[in-house]
Structure formats: C-alpha cells, structure tokens
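Structure file model_34.csv (CSV, C-alpha atoms) follows.
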chain,number,residue,atom,x,y,z
D,1,MET,CA,12.6,60.2,52.0
D,2,SER,CA,15.8,59.9,53.7
D,3,ARG,CA,18.7,57.5,53.9
D,4,ARG,CA,18.4,56.2,57.5
D,5,LYS,CA,19.5,53.2,59.4
D,6,THR,CA,16.0,52.5,60.7
D,7,ARG,CA,14.4,51.8,57.3
D,8,PRO,CA,13.6,48.2,56.4
D,9,ARG,CA,16.7,46.2,55.7
D,10,THR,CA,17.6,42.8,54.4
D,11,SER,CA,19.8,40.3,56.2
D,12,PRO,CA,23.5,40.7,55.7
D,13,ALA,CA,23.6,37.5,53.5
D,14,SER,CA,20.9,38.7,51.2
D,15,ARG,CA,22.5,42.2,50.8
D,16,THR,CA,25.6,40.5,49.2
D,17,ALA,CA,23.4,38.9,46.6
D,18,ALA,CA,22.7,40.7,43.3
D,19,ALA,CA,20.2,43.5,43.8
D,20,ALA,CA,16.7,42.7,42.5
D,21,PRO,CA,15.8,44.8,39.4
D,22,ALA,CA,13.7,47.9,39.9
D,23,PRO,CA,10.0,47.5,39.3
D,24,ALA,CA,8.9,47.9,35.7
D,25,VAL,CA,7.5,51.4,35.4
D,26,THR,CA,7.1,52.7,31.9
D,27,ALA,CA,6.2,56.2,30.6
D,28,ASN,CA,2.6,55.0,30.2
D,29,SER,CA,2.3,53.3,33.7
D,30,PRO,CA,0.2,55.0,36.3
D,31,CYS,CA,2.6,57.3,38.3
D,32,PRO,CA,3.6,55.6,41.6
D,33,CYS,CA,3.3,59.0,43.4
D,34,GLY,CA,-0.5,58.6,43.5
D,35,LEU,CA,-1.4,61.5,41.2
D,36,ASP,CA,-3.9,60.8,38.4
D,37,ALA,CA,-1.3,60.9,35.6
D,38,VAL,CA,1.0,58.5,33.8
D,39,TYR,CA,4.6,58.3,35.0
D,40,GLY,CA,6.1,60.0,31.9
D,41,ALA,CA,3.9,63.1,32.2
D,42,CYS,CA,4.2,63.2,36.0
D,43,CYS,CA,7.3,62.3,38.0
D,44,GLY,CA,9.1,60.7,35.0
D,45,ARG,CA,9.5,64.2,33.4
D,46,PHE,CA,11.5,65.4,36.4
D,47,HIS,CA,13.6,62.2,36.5
D,48,SER,CA,14.5,62.6,32.8
D,49,GLY,CA,15.0,66.3,33.0
D,50,THR,CA,12.5,67.1,30.3
D,51,GLY,CA,10.1,68.7,32.7
D,52,GLY,CA,12.7,71.0,34.4
D,53,THR,CA,12.7,70.9,38.2
D,54,ALA,CA,9.8,70.2,40.5
D,55,PRO,CA,8.0,73.6,41.1
D,56,THR,CA,6.9,72.8,44.7
D,57,ALA,CA,8.3,70.9,47.6
D,58,GLU,CA,5.3,68.5,47.4
D,59,LEU,CA,6.0,67.7,43.8
D,60,LEU,CA,9.7,67.2,44.6
D,61,MET,CA,8.6,64.8,47.5
D,62,ARG,CA,6.4,62.9,45.1
D,63,SER,CA,9.1,62.6,42.4
D,64,ARG,CA,11.7,61.5,45.0
D,65,TYR,CA,9.3,58.8,46.2
D,66,CYS,CA,9.0,57.6,42.6
D,67,ALA,CA,12.8,57.7,42.3
D,68,PHE,CA,13.0,55.3,45.2
D,69,VAL,CA,10.4,53.1,43.4
D,70,VAL,CA,12.4,53.0,40.2
D,71,ARG,CA,15.7,53.2,41.9
D,72,ASP,CA,16.9,56.3,40.2
D,73,GLU,CA,20.0,57.1,42.3
D,74,ALA,CA,21.1,60.0,40.0
D,75,TYR,CA,17.9,61.9,40.5
D,76,LEU,CA,17.8,61.3,44.3
D,77,LEU,CA,21.4,62.6,44.6
D,78,ARG,CA,20.7,65.6,42.3
D,79,THR,CA,17.7,66.7,44.4
D,80,TRP,CA,19.4,66.3,47.8
D,81,ALA,CA,20.8,69.4,49.5
D,82,PRO,CA,24.6,69.4,49.3
D,83,GLU,CA,25.1,69.7,53.0
D,84,THR,CA,23.2,66.5,53.8
D,85,ARG,CA,23.7,64.5,50.5
D,86,PRO,CA,25.2,61.1,51.0
D,87,GLY,CA,27.8,59.7,48.6
D,88,GLU,CA,25.4,57.1,47.4
D,89,VAL,CA,21.9,55.8,47.9
D,90,ASP,CA,21.7,52.3,49.5
D,91,PHE,CA,18.6,50.8,47.9
D,92,ASP,CA,17.3,47.7,49.8
D,93,PRO,CA,16.6,45.1,47.2
D,94,GLY,CA,14.1,43.4,49.5
D,95,THR,CA,11.8,46.5,49.8
D,96,ARG,CA,9.0,47.2,47.3
D,97,TRP,CA,7.4,50.6,47.7
D,98,ALA,CA,3.6,50.3,47.6
D,99,GLY,CA,2.1,53.7,47.9
D,100,LEU,CA,2.4,57.3,49.0
D,101,GLU,CA,0.0,59.5,51.0
D,102,ILE,CA,0.8,63.2,51.4
D,103,GLU,CA,-0.7,64.3,54.7
D,104,GLY,CA,0.2,67.9,54.8
D,105,THR,CA,2.5,70.6,53.6
D,106,THR,CA,3.7,74.0,54.9
D,107,ASP,CA,5.1,76.6,52.5
D,108,GLY,CA,7.1,75.0,49.7
D,109,THR,CA,5.6,77.0,46.8
D,110,ALA,CA,7.1,79.4,44.2
D,111,PHE,CA,6.8,82.1,46.9
D,112,HIS,CA,8.9,80.3,49.6
D,113,GLN,CA,12.5,79.4,50.2
D,114,HIS,CA,11.6,76.5,52.6
D,115,GLY,CA,8.9,74.0,53.0
D,116,THR,CA,7.9,70.8,54.7
D,117,VAL,CA,5.9,67.8,53.5
D,118,THR,CA,4.5,65.2,55.9
D,119,PHE,CA,3.8,61.8,54.3
D,120,THR,CA,3.3,58.1,54.8
D,121,ALA,CA,5.1,55.8,52.3
D,122,ARG,CA,3.9,52.2,52.4
D,123,TYR,CA,6.2,49.3,51.5
D,124,VAL,CA,6.4,45.5,51.6
D,125,HIS,CA,9.6,44.0,52.9
D,126,GLY,CA,10.1,40.3,53.2
D,127,GLY,CA,6.4,39.7,52.6
D,128,GLU,CA,5.4,42.0,55.4
D,129,ALA,CA,3.6,45.3,55.0
D,130,GLY,CA,5.0,48.4,56.7
D,131,SER,CA,5.1,52.2,56.5
D,132,LEU,CA,7.4,55.1,56.9
D,133,HIS,CA,5.9,58.2,58.4
D,134,GLU,CA,8.1,61.3,58.0
D,135,ARG,CA,8.1,65.1,57.9
D,136,SER,CA,10.6,66.1,55.3
D,137,ARG,CA,12.3,69.5,55.1
D,138,PHE,CA,13.0,71.1,51.7
D,139,ALA,CA,14.8,74.3,50.7
D,140,ARG,CA,15.7,76.1,47.5
D,141,TYR,CA,19.2,75.6,46.3
D,142,GLU,CA,20.3,77.6,43.2
D,143,GLY,CA,16.7,78.2,42.5
D,144,ALA,CA,15.5,74.5,42.6
D,145,TRP,CA,13.8,72.6,45.5
D,146,VAL,CA,16.0,70.1,47.2
D,147,TYR,CA,15.5,67.6,50.0
D,148,VAL,CA,17.3,68.7,53.2
D,149,ASP,CA,16.4,66.1,55.9
D,150,GLY,CA,13.4,64.7,57.8
D,151,ASP,CA,12.1,63.4,61.0
D,152,PHE,CA,10.3,60.1,61.6
D,153,LEU,CA,7.0,60.7,63.2
D,154,ASP,CA,6.1,57.2,64.5
Representation of the structure as structure tokens:
Amino acid sequence: MSRRKTRPRTSPASRTAAAAPAPAVTANSPCPCGLDAVYGACCGRFHSGTGGTAPTAELLMRSRYCAFVVRDEAYLLRTWAPETRPGEVDFDPGTRWAGLEIEGTTDGTAFHQHGTVTFTARYVHGGEAGSLHERSRFARYEGAWVYVDGDFLD
C-alpha cells in the first residue's frame, strides 16, 4: 500500500488531535493479512526481524498491510524502495483496516527480480466502509523484496 493523497483522511481538526492507538494485535491474534496463522508466526515475524525478510512479493504485500494495521512505521520504511520511500508514514488515526484480499500476482518469487500484487484492502473510516484497490510493484533491493509503487485500479 502506498502513501497517497487519495486515501481516506480525517478532517484537519481531527488530525491535530492525538492519534488513536493502533489496534491490539498480539503474537497469538489471527494475522490481519488473512492467512490461516497467528500474527507472531505470520507477518509478525517479519515485523520483528525474527523471520528474516519476506521471501515473495505477495508475502511482503501481506506483511506491509499488517504493518499499516498495527502502525509499524519502521517496518514500512524498511521495506520501501529507497527511490520512492517517503520520509515518514502518515497514518490516518480515523482509519481502521478491516481485511485484505489478494486478487493476483505476477512473478515476485525467489526466481524473479520484479513482481506485482493486485489486492483490495478494506477499511472503515468515520463509520463508513470503503476499499482501496491497487496493483503494487515490487523489486529486489540488496536481495530483499521492497515495495516500489502502485496504481489505484478503481
């Protein structure tokens, strides 16, 4: 997922208020990425560094989605290509991520240098449900998969 101006935003007044805490996700919680595993054994291992780096572009996409859920800025920045990486991640405290569906992938395995992941991420913002549909591009950087950029599809 990218840092874009078109994502759901709060009003200027609410942005100046203290950010709401990230949702409580523990090592034993179901992983927000949608795979049938607990967070600690799934995306949490990449966030903490105990699981190395994501071996495929799809797993990196899933772990980055989870990083948005738990508001792990350090992980998002670490897994962003240097040429497109922002200085910080602007989390919207009014957005709650509600689910991820991977719709397709091209390349992005151990045998590739580039790959794409098409996904829909559902969210709730201000009590209203919405979704973000994107095709993200990934590349290898120093041997690890990183997010490069993406295109909104809807």
Next on the checklist: Need to verify the contact set: range 42-59 of chain D, 7 Å, only C-alpha atoms, exclusion of same-chain residues closer than 3 positions in sequence. Can you return it as JSON, numbers by chain?
Outcome noted: {"D": [27, 31, 37, 38, 39, 62, 63, 66, 75, 108, 109, 110, 115, 117, 138, 144, 145]}
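With distances restricted to all atoms listed in the file, D:Asp149 is the closest residue to Glu134 in chain D from D:Asp149, D:Glu83, D:Asp90, D:Asp72.
Across the structure, CA of Arg122 in chain D and CA of Pro82 in chain D are spaced 27.1 Å apart.
The closest residue to Leu132 in chain D, picked from D:Leu76, D:Tyr65, D:Glu88, D:His114 and counting all atoms listed in the file, is D:Tyr65.
Taking CA of Asp107 in chain D and CA of Trp80 in chain D as the two end points, the separation is 18.2 Å.
Distances from D:Arg78, D:Arg71, D:Arg140, D:His112 to Val25 in chain D were compared using all atoms listed in the file, and the smallest one belongs to D:Arg71.
In this model, the gap between CA of Gly143 in chain D and CA of Asp36 in chain D comes to 27.3 Å.
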Rebuild all heavy atoms on range 87-98 of chain D, as an mmCIF file, in the coordinates of the input?
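Below you can see result_23.cif, which holds the result:
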data_model
loop_
_atom_site.group_PDB
_atom_site.id
_atom_site.type_symbol
_atom_site.label_atom_id
_atom_site.label_comp_id
_atom_site.auth_asym_id
_atom_site.auth_seq_id
_atom_site.Cartn_x
_atom_site.Cartn_y
_atom_site.Cartn_z
ATOM 1 N N GLY D 87 26.997 60.017 49.805
ATOM 2 C CA GLY D 87 27.800 59.700 48.600
ATOM 3 C C GLY D 87 27.081 58.770 47.668
ATOM 4 O O GLY D 87 27.357 58.770 46.469
ATOM 5 N N GLU D 88 26.167 57.975 48.187
ATOM 6 C CA GLU D 88 25.400 57.100 47.400
ATOM 7 C C GLU D 88 24.071 56.753 48.060
ATOM 8 O O GLU D 88 23.914 57.046 49.243
ATOM 9 C CB GLU D 88 26.147 55.760 47.091
ATOM 10 C CG GLU D 88 26.438 54.974 48.338
ATOM 11 C CD GLU D 88 27.243 53.715 48.073
ATOM 12 O OE1 GLU D 88 27.680 53.496 46.930
ATOM 13 O OE2 GLU D 88 27.435 52.945 49.021
ATOM 14 N N VAL D 89 23.138 56.167 47.318
ATOM 15 C CA VAL D 89 21.900 55.800 47.900
ATOM 16 C C VAL D 89 21.897 54.240 48.028
ATOM 17 O O VAL D 89 22.190 53.527 47.066
ATOM 18 C CB VAL D 89 20.675 56.191 46.999
ATOM 19 C CG1 VAL D 89 19.348 55.701 47.580
ATOM 20 C CG2 VAL D 89 20.669 57.704 46.836
ATOM 21 N N ASP D 90 21.624 53.769 49.218
ATOM 22 C CA ASP D 90 21.700 52.300 49.500
ATOM 23 C C ASP D 90 20.256 51.760 49.373
ATOM 24 O O ASP D 90 19.511 51.697 50.335
ATOM 25 C CB ASP D 90 22.210 52.140 50.930
ATOM 26 C CG ASP D 90 22.352 50.683 51.304
ATOM 27 O OD1 ASP D 90 22.396 49.827 50.412
ATOM 28 O OD2 ASP D 90 22.415 50.403 52.518
ATOM 29 N N PHE D 91 19.900 51.352 48.147
ATOM 30 C CA PHE D 91 18.600 50.800 47.900
ATOM 31 C C PHE D 91 18.539 49.366 48.536
ATOM 32 O O PHE D 91 19.464 48.581 48.364
ATOM 33 C CB PHE D 91 18.281 50.638 46.423
ATOM 34 C CG PHE D 91 18.152 51.966 45.726
ATOM 35 C CD1 PHE D 91 19.121 52.383 44.833
ATOM 36 C CD2 PHE D 91 17.071 52.789 45.962
ATOM 37 C CE1 PHE D 91 19.015 53.597 44.185
ATOM 38 C CE2 PHE D 91 16.955 54.012 45.322
ATOM 39 C CZ PHE D 91 17.922 54.419 44.431
ATOM 40 N N ASP D 92 17.468 49.068 49.232
ATOM 41 C CA ASP D 92 17.300 47.700 49.800
ATOM 42 C C ASP D 92 16.545 46.888 48.791
ATOM 43 O O ASP D 92 15.383 47.148 48.492
ATOM 44 C CB ASP D 92 16.492 47.844 51.104
ATOM 45 C CG ASP D 92 16.339 46.524 51.815
ATOM 46 O OD1 ASP D 92 16.463 45.464 51.162
ATOM 47 O OD2 ASP D 92 16.091 46.547 53.030
ATOM 48 N N PRO D 93 17.203 45.875 48.213
ATOM 49 C CA PRO D 93 16.600 45.100 47.200
ATOM 50 C C PRO D 93 15.346 44.287 47.674
ATOM 51 O O PRO D 93 14.523 43.851 46.884
ATOM 52 C CB PRO D 93 17.665 44.139 46.681
ATOM 53 C CG PRO D 93 18.643 44.096 47.795
ATOM 54 C CD PRO D 93 18.563 45.423 48.489
ATOM 55 N N GLY D 94 15.209 44.139 48.988
ATOM 56 C CA GLY D 94 14.100 43.400 49.500
ATOM 57 C C GLY D 94 12.855 44.287 49.806
ATOM 58 O O GLY D 94 11.833 43.810 50.284
ATOM 59 N N THR D 95 12.952 45.587 49.514
ATOM 60 C CA THR D 95 11.800 46.500 49.800
ATOM 61 C C THR D 95 11.155 46.860 48.452
ATOM 62 O O THR D 95 11.799 47.226 47.480
ATOM 63 C CB THR D 95 12.345 47.796 50.438
ATOM 64 O OG1 THR D 95 12.937 47.448 51.690
ATOM 65 C CG2 THR D 95 11.217 48.781 50.673
ATOM 66 N N ARG D 96 9.833 46.752 48.461
ATOM 67 C CA ARG D 96 9.000 47.200 47.300
ATOM 68 C C ARG D 96 8.102 48.301 47.852
ATOM 69 O O ARG D 96 7.313 48.090 48.779
ATOM 70 C CB ARG D 96 8.183 46.055 46.756
ATOM 71 C CG ARG D 96 7.320 46.489 45.557
ATOM 72 C CD ARG D 96 6.503 45.344 44.990
ATOM 73 N NE ARG D 96 5.651 44.690 45.957
ATOM 74 C CZ ARG D 96 4.444 45.124 46.328
ATOM 75 N NH1 ARG D 96 3.939 46.227 45.823
ATOM 76 N NH2 ARG D 96 3.732 44.451 47.214
ATOM 77 N N TRP D 97 8.241 49.491 47.292
ATOM 78 C CA TRP D 97 7.400 50.600 47.700
ATOM 79 C C TRP D 97 6.012 50.441 47.136
ATOM 80 O O TRP D 97 5.853 50.102 45.961
ATOM 81 C CB TRP D 97 8.048 51.940 47.279
ATOM 82 C CG TRP D 97 9.329 52.148 48.016
ATOM 83 C CD1 TRP D 97 10.595 51.921 47.538
ATOM 84 C CD2 TRP D 97 9.480 52.540 49.371
ATOM 85 N NE1 TRP D 97 11.517 52.170 48.534
ATOM 86 C CE2 TRP D 97 10.863 52.548 49.671
ATOM 87 C CE3 TRP D 97 8.582 52.887 50.375
ATOM 88 C CZ2 TRP D 97 11.360 52.897 50.917
ATOM 89 C CZ3 TRP D 97 9.079 53.244 51.627
ATOM 90 C CH2 TRP D 97 10.447 53.238 51.889
ATOM 91 N N ALA D 98 4.989 50.673 47.969
ATOM 92 C CA ALA D 98 3.600 50.300 47.600
ATOM 93 C C ALA D 98 2.615 51.423 47.619
ATOM 94 O O ALA D 98 1.442 51.193 47.327
ATOM 95 C CB ALA D 98 3.151 49.179 48.558
#
